[in-house]
>>> print(open('start.json').read())   # JSON, C-alpha atoms
[["chain", "number", "residue", "atom", "x", "y", "z"],
["A", 1, "ILE", "CA", 135.47, -110.08, 65.03],
["A", 2, "VAL", "CA", 138.19, -107.53, 65.79],
["A", 3, "ILE", "CA", 136.57, -106.36, 69.04],
["A", 4, "THR", "CA", 135.65, -109.83, 70.28],
["A", 5, "SER", "CA", 139.13, -111.22, 69.52],
["A", 6, "PHE", "CA", 140.67, -108.61, 71.79],
["A", 7, "MET", "CA", 137.90, -109.16, 74.34],
["A", 8, "SER", "CA", 138.81, -112.86, 74.44],
["A", 9, "ALA", "CA", 142.51, -112.06, 74.76],
["A", 10, "ALA", "CA", 141.89, -109.67, 77.68],
["A", 11, "ALA", "CA", 139.34, -111.85, 79.49],
["A", 12, "MET", "CA", 139.92, -112.34, 83.21],
["A", 13, "ALA", "CA", 137.10, -114.82, 83.86],
["A", 14, "GLY", "CA", 135.48, -117.75, 82.13],
["A", 15, "TRP", "CA", 132.17, -115.99, 81.53],
["A", 16, "GLN", "CA", 134.00, -113.17, 79.73],
["A", 17, "VAL", "CA", 135.57, -115.67, 77.32],
["A", 18, "ILE", "CA", 132.17, -117.29, 76.73],
["A", 19, "LEU", "CA", 130.53, -113.92, 76.07],
["A", 20, "ALA", "CA", 133.29, -112.80, 73.70],
["A", 21, "ARG", "CA", 133.28, -116.10, 71.81],
["A", 22, "THR", "CA", 129.49, -116.04, 71.51],
["A", 23, "LEU", "CA", 129.54, -112.56, 70.00],
["A", 24, "GLN", "CA", 132.43, -113.58, 67.78],
["A", 25, "GLY", "CA", 130.39, -116.55, 66.57],
["A", 26, "VAL", "CA", 127.72, -114.15, 65.32],
["A", 27, "GLY", "CA", 130.32, -112.21, 63.34],
["A", 28, "MET", "CA", 131.92, -115.37, 61.99],
["A", 29, "GLY", "CA", 128.53, -116.69, 60.93],
["A", 30, "ILE", "CA", 127.90, -113.56, 58.88],
["A", 31, "CYS", "CA", 131.41, -113.69, 57.40],
["A", 32, "SER", "CA", 131.01, -117.34, 56.44],
["A", 33, "VAL", "CA", 127.86, -116.60, 54.40],
["A", 34, "LEU", "CA", 128.90, -113.37, 52.67],
["A", 35, "PRO", "CA", 131.81, -114.67, 50.52],
["A", 36, "ALA", "CA", 129.63, -117.28, 48.78],
["A", 37, "LEU", "CA", 126.85, -114.73, 48.28],
["A", 38, "TYR", "CA", 129.26, -112.10, 46.96],
["A", 39, "ILE", "CA", 130.86, -114.54, 44.52],
["A", 40, "THR", "CA", 127.44, -115.68, 43.28],
["A", 41, "GLU", "CA", 126.38, -112.10, 42.58],
["A", 42, "THR", "CA", 129.68, -110.85, 41.14],
["A", 43, "ALA", "CA", 131.73, -113.58, 39.43],
["A", 44, "PRO", "CA", 131.04, -114.47, 35.77],
["A", 45, "PRO", "CA", 129.01, -117.70, 35.43],
["A", 46, "ALA", "CA", 131.85, -119.53, 33.67],
["A", 47, "VAL", "CA", 134.13, -119.32, 36.72],
["A", 48, "ARG", "CA", 131.56, -118.99, 39.51],
["A", 49, "GLY", "CA", 131.96, -122.55, 40.76],
["A", 50, "ARG", "CA", 135.74, -122.34, 40.75],
["A", 51, "PHE", "CA", 135.66, -119.08, 42.67],
["A", 52, "GLY", "CA", 133.30, -120.58, 45.25],
["A", 53, "ALA", "CA", 135.58, -123.58, 45.75],
["A", 54, "ALA", "CA", 138.58, -121.25, 45.99],
["A", 55, "ALA", "CA", 136.81, -119.32, 48.75],
["A", 56, "GLN", "CA", 136.32, -122.56, 50.69],
["A", 57, "TRP", "CA", 139.98, -123.43, 50.20],
["A", 58, "ALA", "CA", 141.04, -119.99, 51.41],
["A", 59, "GLY", "CA", 139.00, -120.45, 54.59],
["A", 60, "ASN", "CA", 140.54, -123.86, 55.25],
["A", 61, "PHE", "CA", 144.02, -122.56, 54.47],
["A", 62, "GLY", "CA", 143.41, -119.82, 57.02],
["A", 63, "ILE", "CA", 142.69, -122.51, 59.61],
["A", 64, "VAL", "CA", 145.97, -124.23, 58.74],
["A", 65, "VAL", "CA", 147.81, -120.91, 59.10],
["A", 66, "SER", "CA", 146.13, -120.34, 62.48],
["A", 67, "TYR", "CA", 147.34, -123.77, 63.65],
["A", 68, "ALA", "CA", 150.85, -122.90, 62.49],
["A", 69, "ALA", "CA", 150.67, -119.56, 64.32],
["A", 70, "GLY", "CA", 149.49, -121.43, 67.41],
["A", 71, "VAL", "CA", 152.55, -123.70, 67.21],
["A", 72, "VAL", "CA", 154.88, -120.72, 66.96],
["A", 73, "LEU", "CA", 153.19, -118.89, 69.83],
["A", 74, "ALA", "CA", 153.19, -122.03, 72.01],
["A", 75, "TRP", "CA", 156.95, -122.28, 71.64],
["A", 76, "CYS", "CA", 157.77, -118.56, 71.82],
["A", 77, "VAL", "CA", 155.28, -117.44, 74.49],
["A", 78, "ARG", "CA", 155.16, -120.03, 77.24],
["A", 79, "ASP", "CA", 152.76, -118.22, 79.57],
["A", 80, "ASP", "CA", 149.26, -117.22, 78.45],
["A", 81, "CYS", "CA", 149.97, -118.07, 74.82],
["A", 82, "TRP", "CA", 146.22, -118.53, 74.30],
["A", 83, "ARG", "CA", 145.78, -114.79, 74.82],
["A", 84, "TRP", "CA", 148.20, -114.09, 71.99],
["A", 85, "MET", "CA", 146.36, -116.59, 69.79],
["A", 86, "PHE", "CA", 143.11, -114.69, 70.25],
["A", 87, "ALA", "CA", 144.83, -111.33, 69.79],
["A", 88, "SER", "CA", 146.56, -112.43, 66.58],
["A", 89, "GLY", "CA", 143.15, -113.15, 65.04],
["A", 90, "GLY", "CA", 142.02, -109.63, 65.89],
["A", 91, "ILE", "CA", 145.18, -108.11, 64.44],
["A", 92, "LEU", "CA", 144.77, -109.96, 61.14],
["A", 93, "ALA", "CA", 141.09, -108.96, 60.92],
["A", 94, "LEU", "CA", 142.03, -105.36, 61.66],
["A", 95, "LEU", "CA", 144.55, -105.38, 58.82],
["A", 96, "ALA", "CA", 142.08, -107.03, 56.43],
["A", 97, "MET", "CA", 139.30, -104.48, 57.00],
["A", 98, "PRO", "CA", 140.81, -101.50, 55.12],
["A", 99, "ALA", "CA", 142.19, -103.76, 52.38],
["A", 100, "THR", "CA", 138.78, -105.31, 51.81],
["A", 101, "ALA", "CA", 137.01, -101.95, 51.81],
["A", 102, "ALA", "CA", 139.52, -100.49, 49.35],
["A", 103, "ILE", "CA", 139.67, -103.38, 46.87],
["A", 104, "LEU", "CA", 136.24, -105.02, 46.76],
["A", 105, "PRO", "CA", 133.37, -103.16, 45.07],
["A", 106, "GLU", "CA", 129.76, -103.56, 46.15],
["A", 107, "SER", "CA", 127.79, -106.43, 44.63],
["A", 108, "PRO", "CA", 126.37, -105.34, 41.23],
["A", 109, "ARG", "CA", 123.14, -107.25, 41.89],
["A", 110, "TRP", "CA", 122.59, -105.37, 45.13],
["A", 111, "LEU", "CA", 123.39, -102.02, 43.52],
["A", 112, "ILE", "CA", 120.94, -102.61, 40.70],
["A", 113, "GLY", "CA", 118.32, -103.89, 43.11],
["A", 114, "VAL", "CA", 118.37, -100.68, 45.14],
["A", 115, "GLY", "CA", 118.19, -98.49, 42.05],
["A", 116, "ARG", "CA", 121.88, -97.61, 41.68],
["A", 117, "LYS", "CA", 122.05, -99.03, 38.17],
["A", 118, "GLU", "CA", 124.95, -96.93, 36.88],
["A", 119, "GLU", "CA", 127.15, -98.06, 39.76],
["A", 120, "GLY", "CA", 126.08, -101.67, 39.25],
["A", 121, "LEU", "CA", 126.89, -101.42, 35.55],
["A", 122, "ALA", "CA", 130.31, -99.98, 36.36],
["A", 123, "VAL", "CA", 131.07, -102.95, 38.61],
["A", 124, "LEU", "CA", 129.92, -105.38, 35.92],
["A", 125, "ARG", "CA", 132.12, -103.57, 33.40],
["A", 126, "SER", "CA", 135.15, -103.99, 35.66],
["A", 127, "VAL", "CA", 134.41, -107.73, 35.94],
["A", 128, "TYR", "CA", 133.37, -108.59, 32.37],
["A", 129, "GLY", "CA", 135.05, -105.96, 30.25],
["A", 130, "ARG", "CA", 133.57, -105.59, 26.75],
["A", 131, "PRO", "CA", 134.13, -108.86, 24.84],
["A", 132, "ASP", "CA", 131.59, -109.23, 22.01],
["A", 133, "THR", "CA", 129.87, -112.55, 21.49],
["A", 134, "GLU", "CA", 128.72, -114.04, 18.19],
["A", 135, "ASP", "CA", 125.30, -112.38, 18.26],
["A", 136, "GLY", "CA", 126.74, -108.92, 18.77],
["A", 137, "THR", "CA", 125.94, -108.62, 22.48],
["A", 138, "SER", "CA", 128.41, -108.78, 25.30],
["A", 139, "ASP", "CA", 128.42, -110.96, 28.41],
["A", 140, "LEU", "CA", 128.25, -107.73, 30.39],
["A", 141, "GLU", "CA", 125.01, -106.64, 28.69],
["A", 142, "ARG", "CA", 123.47, -110.07, 29.08],
["A", 143, "GLU", "CA", 124.22, -110.21, 32.80],
["A", 144, "TYR", "CA", 122.96, -106.67, 33.30],
["A", 145, "HIS", "CA", 119.67, -107.36, 31.54],
["A", 146, "LEU", "CA", 119.20, -110.65, 33.40],
["A", 147, "ILE", "CA", 119.59, -108.88, 36.73],
["A", 148, "CYS", "CA", 117.21, -106.09, 35.73],
["A", 149, "GLU", "CA", 114.61, -108.57, 34.48],
["A", 150, "ALA", "CA", 114.89, -110.59, 37.69],
["A", 151, "PHE", "CA", 114.06, -107.53, 39.78],
["A", 152, "ARG", "CA", 111.19, -106.58, 37.47],
["A", 153, "ALA", "CA", 109.63, -110.05, 37.60],
["A", 154, "PRO", "CA", 106.28, -110.17, 39.47],
["A", 155, "GLU", "CA", 107.40, -113.06, 41.65],
["A", 156, "MET", "CA", 110.54, -111.19, 42.71],
["A", 157, "SER", "CA", 109.53, -110.43, 46.28],
["A", 158, "GLN", "CA", 111.82, -110.19, 49.28],
["A", 159, "SER", "CA", 110.02, -112.80, 51.40],
["A", 160, "TRP", "CA", 111.49, -115.83, 53.15],
["A", 161, "ARG", "CA", 108.41, -117.75, 52.03],
["A", 162, "ASP", "CA", 109.78, -117.65, 48.47],
["A", 163, "LEU", "CA", 112.36, -120.23, 49.54],
["A", 164, "TRP", "CA", 109.56, -122.77, 49.97],
["A", 165, "ARG", "CA", 107.90, -122.23, 46.63],
["A", 166, "PRO", "CA", 107.61, -125.54, 44.72],
["A", 167, "LYS", "CA", 110.41, -124.61, 42.28],
["A", 168, "ASN", "CA", 112.79, -123.64, 45.12],
["A", 169, "ARG", "CA", 111.87, -126.20, 47.77],
["A", 170, "ARG", "CA", 113.96, -129.12, 46.57],
["A", 171, "PRO", "CA", 117.33, -127.31, 46.15],
["A", 172, "VAL", "CA", 116.81, -125.51, 49.48],
["A", 173, "VAL", "CA", 116.09, -128.78, 51.32],
["A", 174, "MET", "CA", 119.04, -130.52, 49.64],
["A", 175, "GLY", "CA", 121.38, -127.68, 50.58],
["A", 176, "ILE", "CA", 120.25, -127.78, 54.21],
["A", 177, "VAL", "CA", 120.54, -131.58, 54.41],
["A", 178, "VAL", "CA", 124.07, -131.57, 52.94],
["A", 179, "HIS", "CA", 125.26, -128.97, 55.46],
["A", 180, "VAL", "CA", 123.58, -130.72, 58.40],
["A", 181, "LEU", "CA", 125.11, -134.08, 57.44],
["A", 182, "ALA", "CA", 128.52, -132.44, 57.08],
["A", 183, "GLN", "CA", 128.27, -131.18, 60.66],
["A", 184, "LEU", "CA", 126.93, -134.50, 62.01],
["A", 185, "THR", "CA", 130.06, -136.27, 60.79],
["A", 186, "GLY", "CA", 131.95, -134.60, 63.63],
["A", 187, "LEU", "CA", 134.55, -132.86, 61.48],
["A", 188, "SER", "CA", 134.00, -129.56, 63.28],
["A", 189, "ALA", "CA", 134.41, -131.29, 66.65],
["A", 190, "ILE", "CA", 137.77, -132.67, 65.53],
["A", 191, "ALA", "CA", 138.83, -129.22, 64.37],
["A", 192, "TYR", "CA", 137.77, -127.54, 67.62],
["A", 193, "TYR", "CA", 138.73, -130.17, 70.20],
["A", 194, "GLY", "CA", 141.41, -132.22, 68.46],
["A", 195, "THR", "CA", 144.21, -130.39, 70.26],
["A", 196, "ALA", "CA", 142.57, -130.88, 73.68],
["A", 197, "VAL", "CA", 142.00, -134.60, 73.04],
["A", 198, "LEU", "CA", 145.59, -135.15, 71.95],
["A", 199, "ARG", "CA", 146.87, -133.20, 74.94],
["A", 200, "ASP", "CA", 144.67, -134.77, 77.62],
["A", 201, "GLU", "CA", 144.21, -138.34, 76.38],
["A", 202, "MET", "CA", 147.55, -138.94, 74.67],
["A", 203, "LYS", "CA", 149.53, -136.84, 77.16],
["A", 204, "LEU", "CA", 151.19, -134.74, 74.49],
["A", 205, "THR", "CA", 152.66, -131.39, 75.38],
["A", 206, "PRO", "CA", 150.58, -128.39, 74.21],
["A", 207, "GLY", "CA", 153.15, -127.60, 71.52],
["A", 208, "ASN", "CA", 153.25, -131.17, 70.19],
["A", 209, "ALA", "CA", 149.45, -131.37, 70.28],
["A", 210, "LEU", "CA", 149.25, -128.25, 68.13],
["A", 211, "ILE", "CA", 151.79, -129.71, 65.69],
["A", 212, "ALA", "CA", 149.76, -132.92, 65.44],
["A", 213, "THR", "CA", 146.58, -130.92, 64.80],
["A", 214, "LEU", "CA", 148.38, -128.93, 62.11],
["A", 215, "VAL", "CA", 149.43, -132.17, 60.39],
["A", 216, "THR", "CA", 145.82, -133.45, 60.38],
["A", 217, "ALA", "CA", 144.56, -130.19, 58.82],
["A", 218, "LEU", "CA", 147.00, -130.23, 55.89],
["A", 219, "PRO", "CA", 145.32, -133.06, 53.88],
["A", 220, "GLN", "CA", 141.99, -131.23, 53.87],
["A", 221, "SER", "CA", 143.62, -128.07, 52.57],
["A", 222, "VAL", "CA", 145.34, -130.02, 49.78],
["A", 223, "ALA", "CA", 142.09, -131.83, 48.90],
["A", 224, "LEU", "CA", 140.17, -128.54, 48.69],
["A", 225, "GLY", "CA", 142.84, -127.11, 46.41],
["A", 226, "VAL", "CA", 142.57, -130.12, 44.09],
["A", 227, "ALA", "CA", 138.75, -129.94, 44.15],
["A", 228, "ALA", "CA", 138.83, -126.25, 43.20],
["A", 229, "GLY", "CA", 141.00, -127.06, 40.20],
["A", 230, "ILE", "CA", 138.90, -129.95, 38.82],
["A", 231, "LEU", "CA", 135.41, -128.78, 39.87],
["A", 232, "ASP", "CA", 134.37, -127.44, 36.48],
["A", 233, "ARG", "CA", 135.74, -130.46, 34.59],
["A", 234, "VAL", "CA", 134.40, -133.23, 36.84],
["A", 235, "GLY", "CA", 131.09, -131.68, 37.87],
["A", 236, "ARG", "CA", 129.58, -130.82, 41.24],
["A", 237, "ARG", "CA", 127.40, -133.90, 41.71],
["A", 238, "ARG", "CA", 130.09, -136.44, 40.87],
["A", 239, "LEU", "CA", 132.63, -134.73, 43.09],
["A", 240, "LEU", "CA", 130.12, -134.60, 45.95],
["A", 241, "ILE", "CA", 129.38, -138.33, 45.67],
["A", 242, "VAL", "CA", 133.08, -139.25, 45.58],
["A", 243, "SER", "CA", 133.91, -137.02, 48.55],
["A", 244, "TYR", "CA", 131.07, -138.45, 50.64],
["A", 245, "GLY", "CA", 132.22, -141.98, 49.78],
["A", 246, "MET", "CA", 135.72, -141.16, 50.98],
["A", 247, "LEU", "CA", 134.27, -139.54, 54.11],
["A", 248, "VAL", "CA", 132.19, -142.63, 54.94],
["A", 249, "ALA", "CA", 135.24, -144.86, 54.51],
["A", 250, "ALA", "CA", 137.44, -142.65, 56.70],
["A", 251, "LEU", "CA", 134.85, -142.33, 59.48],
["A", 252, "SER", "CA", 134.17, -146.08, 59.40],
["A", 253, "ALA", "CA", 137.88, -146.80, 59.77],
["A", 254, "THR", "CA", 138.04, -144.33, 62.65],
["A", 255, "ALA", "CA", 135.07, -146.00, 64.40],
["A", 256, "ILE", "CA", 136.62, -149.46, 63.98],
["A", 257, "ALA", "CA", 139.92, -148.24, 65.38],
["A", 258, "ALA", "CA", 138.17, -146.65, 68.36],
["A", 259, "LEU", "CA", 136.27, -149.87, 69.15],
["A", 260, "PHE", "CA", 138.94, -152.51, 68.59],
["A", 261, "LEU", "CA", 142.32, -150.80, 68.98],
["A", 262, "PRO", "CA", 143.05, -149.90, 72.61],
["A", 263, "ASP", "CA", 146.01, -147.73, 71.75],
["A", 264, "LEU", "CA", 144.78, -144.18, 71.02],
["A", 265, "ARG", "CA", 147.83, -143.62, 68.88],
["A", 266, "ALA", "CA", 146.41, -146.14, 66.42],
["A", 267, "LEU", "CA", 143.19, -144.12, 66.35],
["A", 268, "TYR", "CA", 145.19, -140.97, 65.68],
["A", 269, "ALA", "CA", 147.08, -142.70, 62.87],
["A", 270, "VAL", "CA", 143.77, -143.58, 61.23],
["A", 271, "LEU", "CA", 142.58, -139.98, 61.59],
["A", 272, "VAL", "CA", 145.72, -138.73, 59.87],
["A", 273, "GLY", "CA", 145.25, -141.28, 57.07]]
>>> encode(input="start.json", output="structure tokens")
Amino acid sequence: IVITSFMSAAAMAGWQVILARTLQGVGMGICSVLPALYITETAPPAVRGRFGAAAQWAGNFGIVVSYAAGVVLAWCVRDDCWRWMFASGGILALLAMPATAAILPESPRWLIGVGRKEEGLAVLRSVYGRPDTEDGTSDLEREYHLICEAFRAPEMSQSWRDLWRPKNRRPVVMGIVVHVLAQLTGLSAIAYYGTAVLRDEMKLTPGNALIATLVTALPQSVALGVAAGILDRVGRRRLLIVSYGMLVAALSATAIAALFLPDLRALYAVLVG
């Protein structure tokens, strides 16, 4: 991500930007998967869902901050501000690398799986501490034994075919369908091309288009923060159903506005709502 951000900033031709962004997409894809995996393998079960939701909120909040940085750069750097936008992403990633390496330990599940049990136990101890439960065992010991037993189980193989075993098939398919449907709604297209649409179709200046995009991103960040706070109380399934109902209503209103309201500003007002 660091290298490709600076490659994008220094690009002198369109194909160089495409190449840099393609390579950056590979890095971003890996980075988007690892936080959820790390939280699943490290966080205590009681707060695992909340931590996962917080990670999603942090990612969305980062997008809001990037929009805000884009607004500042558009006003302060009139010429080639897009280069500074790319470079700023590389600078932030460069600063985050040593902090991440210094603070975050390796996943205890991975350590135990490769035979480094003492190191895995040390990480679990730093996460769980030593609180005793009613039966005299600690949450740390329980988690450690569960991980060890999982790796000793006969069916614990490292094959992709395990995902399609009868007991795993349904949750895997449901997870894939949910993510595919989320992308088919067009939310990513709005995030990526919203500024260009507002600039080209509504004739806004680049700075005002960035401000408008920033305003549209704020409600999602607030909603994710609320969801992270009530996730454990409300439940995953109920929250998912409610959020999809709201999404259907919002997209339906947007479609109606696009078909029957000739003024694109009305469409934009619906998108904000």
>>> closest_residue(input="start.json", among="A:Thr185, A:Ser66, A:Thr254, A:Gln56", to="A:Met85", atoms="all atoms listed in the file")
A:Ser66
>>> closest_residue(input="start.json", among="A:Val2, A:Met202, A:Ala93, A:Leu247", to="A:Leu181", atoms="only C-alpha atoms")
A:Leu247
>>> closest_residue(input="start.json", among="A:Val33, A:Val71, A:Ala54, A:Met12", to="A:Gly207", atoms="all atoms listed in the file")
A:Val71
>>> atom_distance(input="start.json", atom1="atom CA of A:Ala9", atom2="atom CA of A:Phe86")
5.3 Å
>>> atom_distance(input="start.json", atom1="atom CA of A:Leu34", atom2="atom CA of A:Thr22")
19.0 Å
>>> closest_residue(input="start.json", among="A:Ser88, A:Ser243, A:Arg236, A:Gly194", to="A:Ala223", atoms="all atoms listed in the file")
A:Ser243
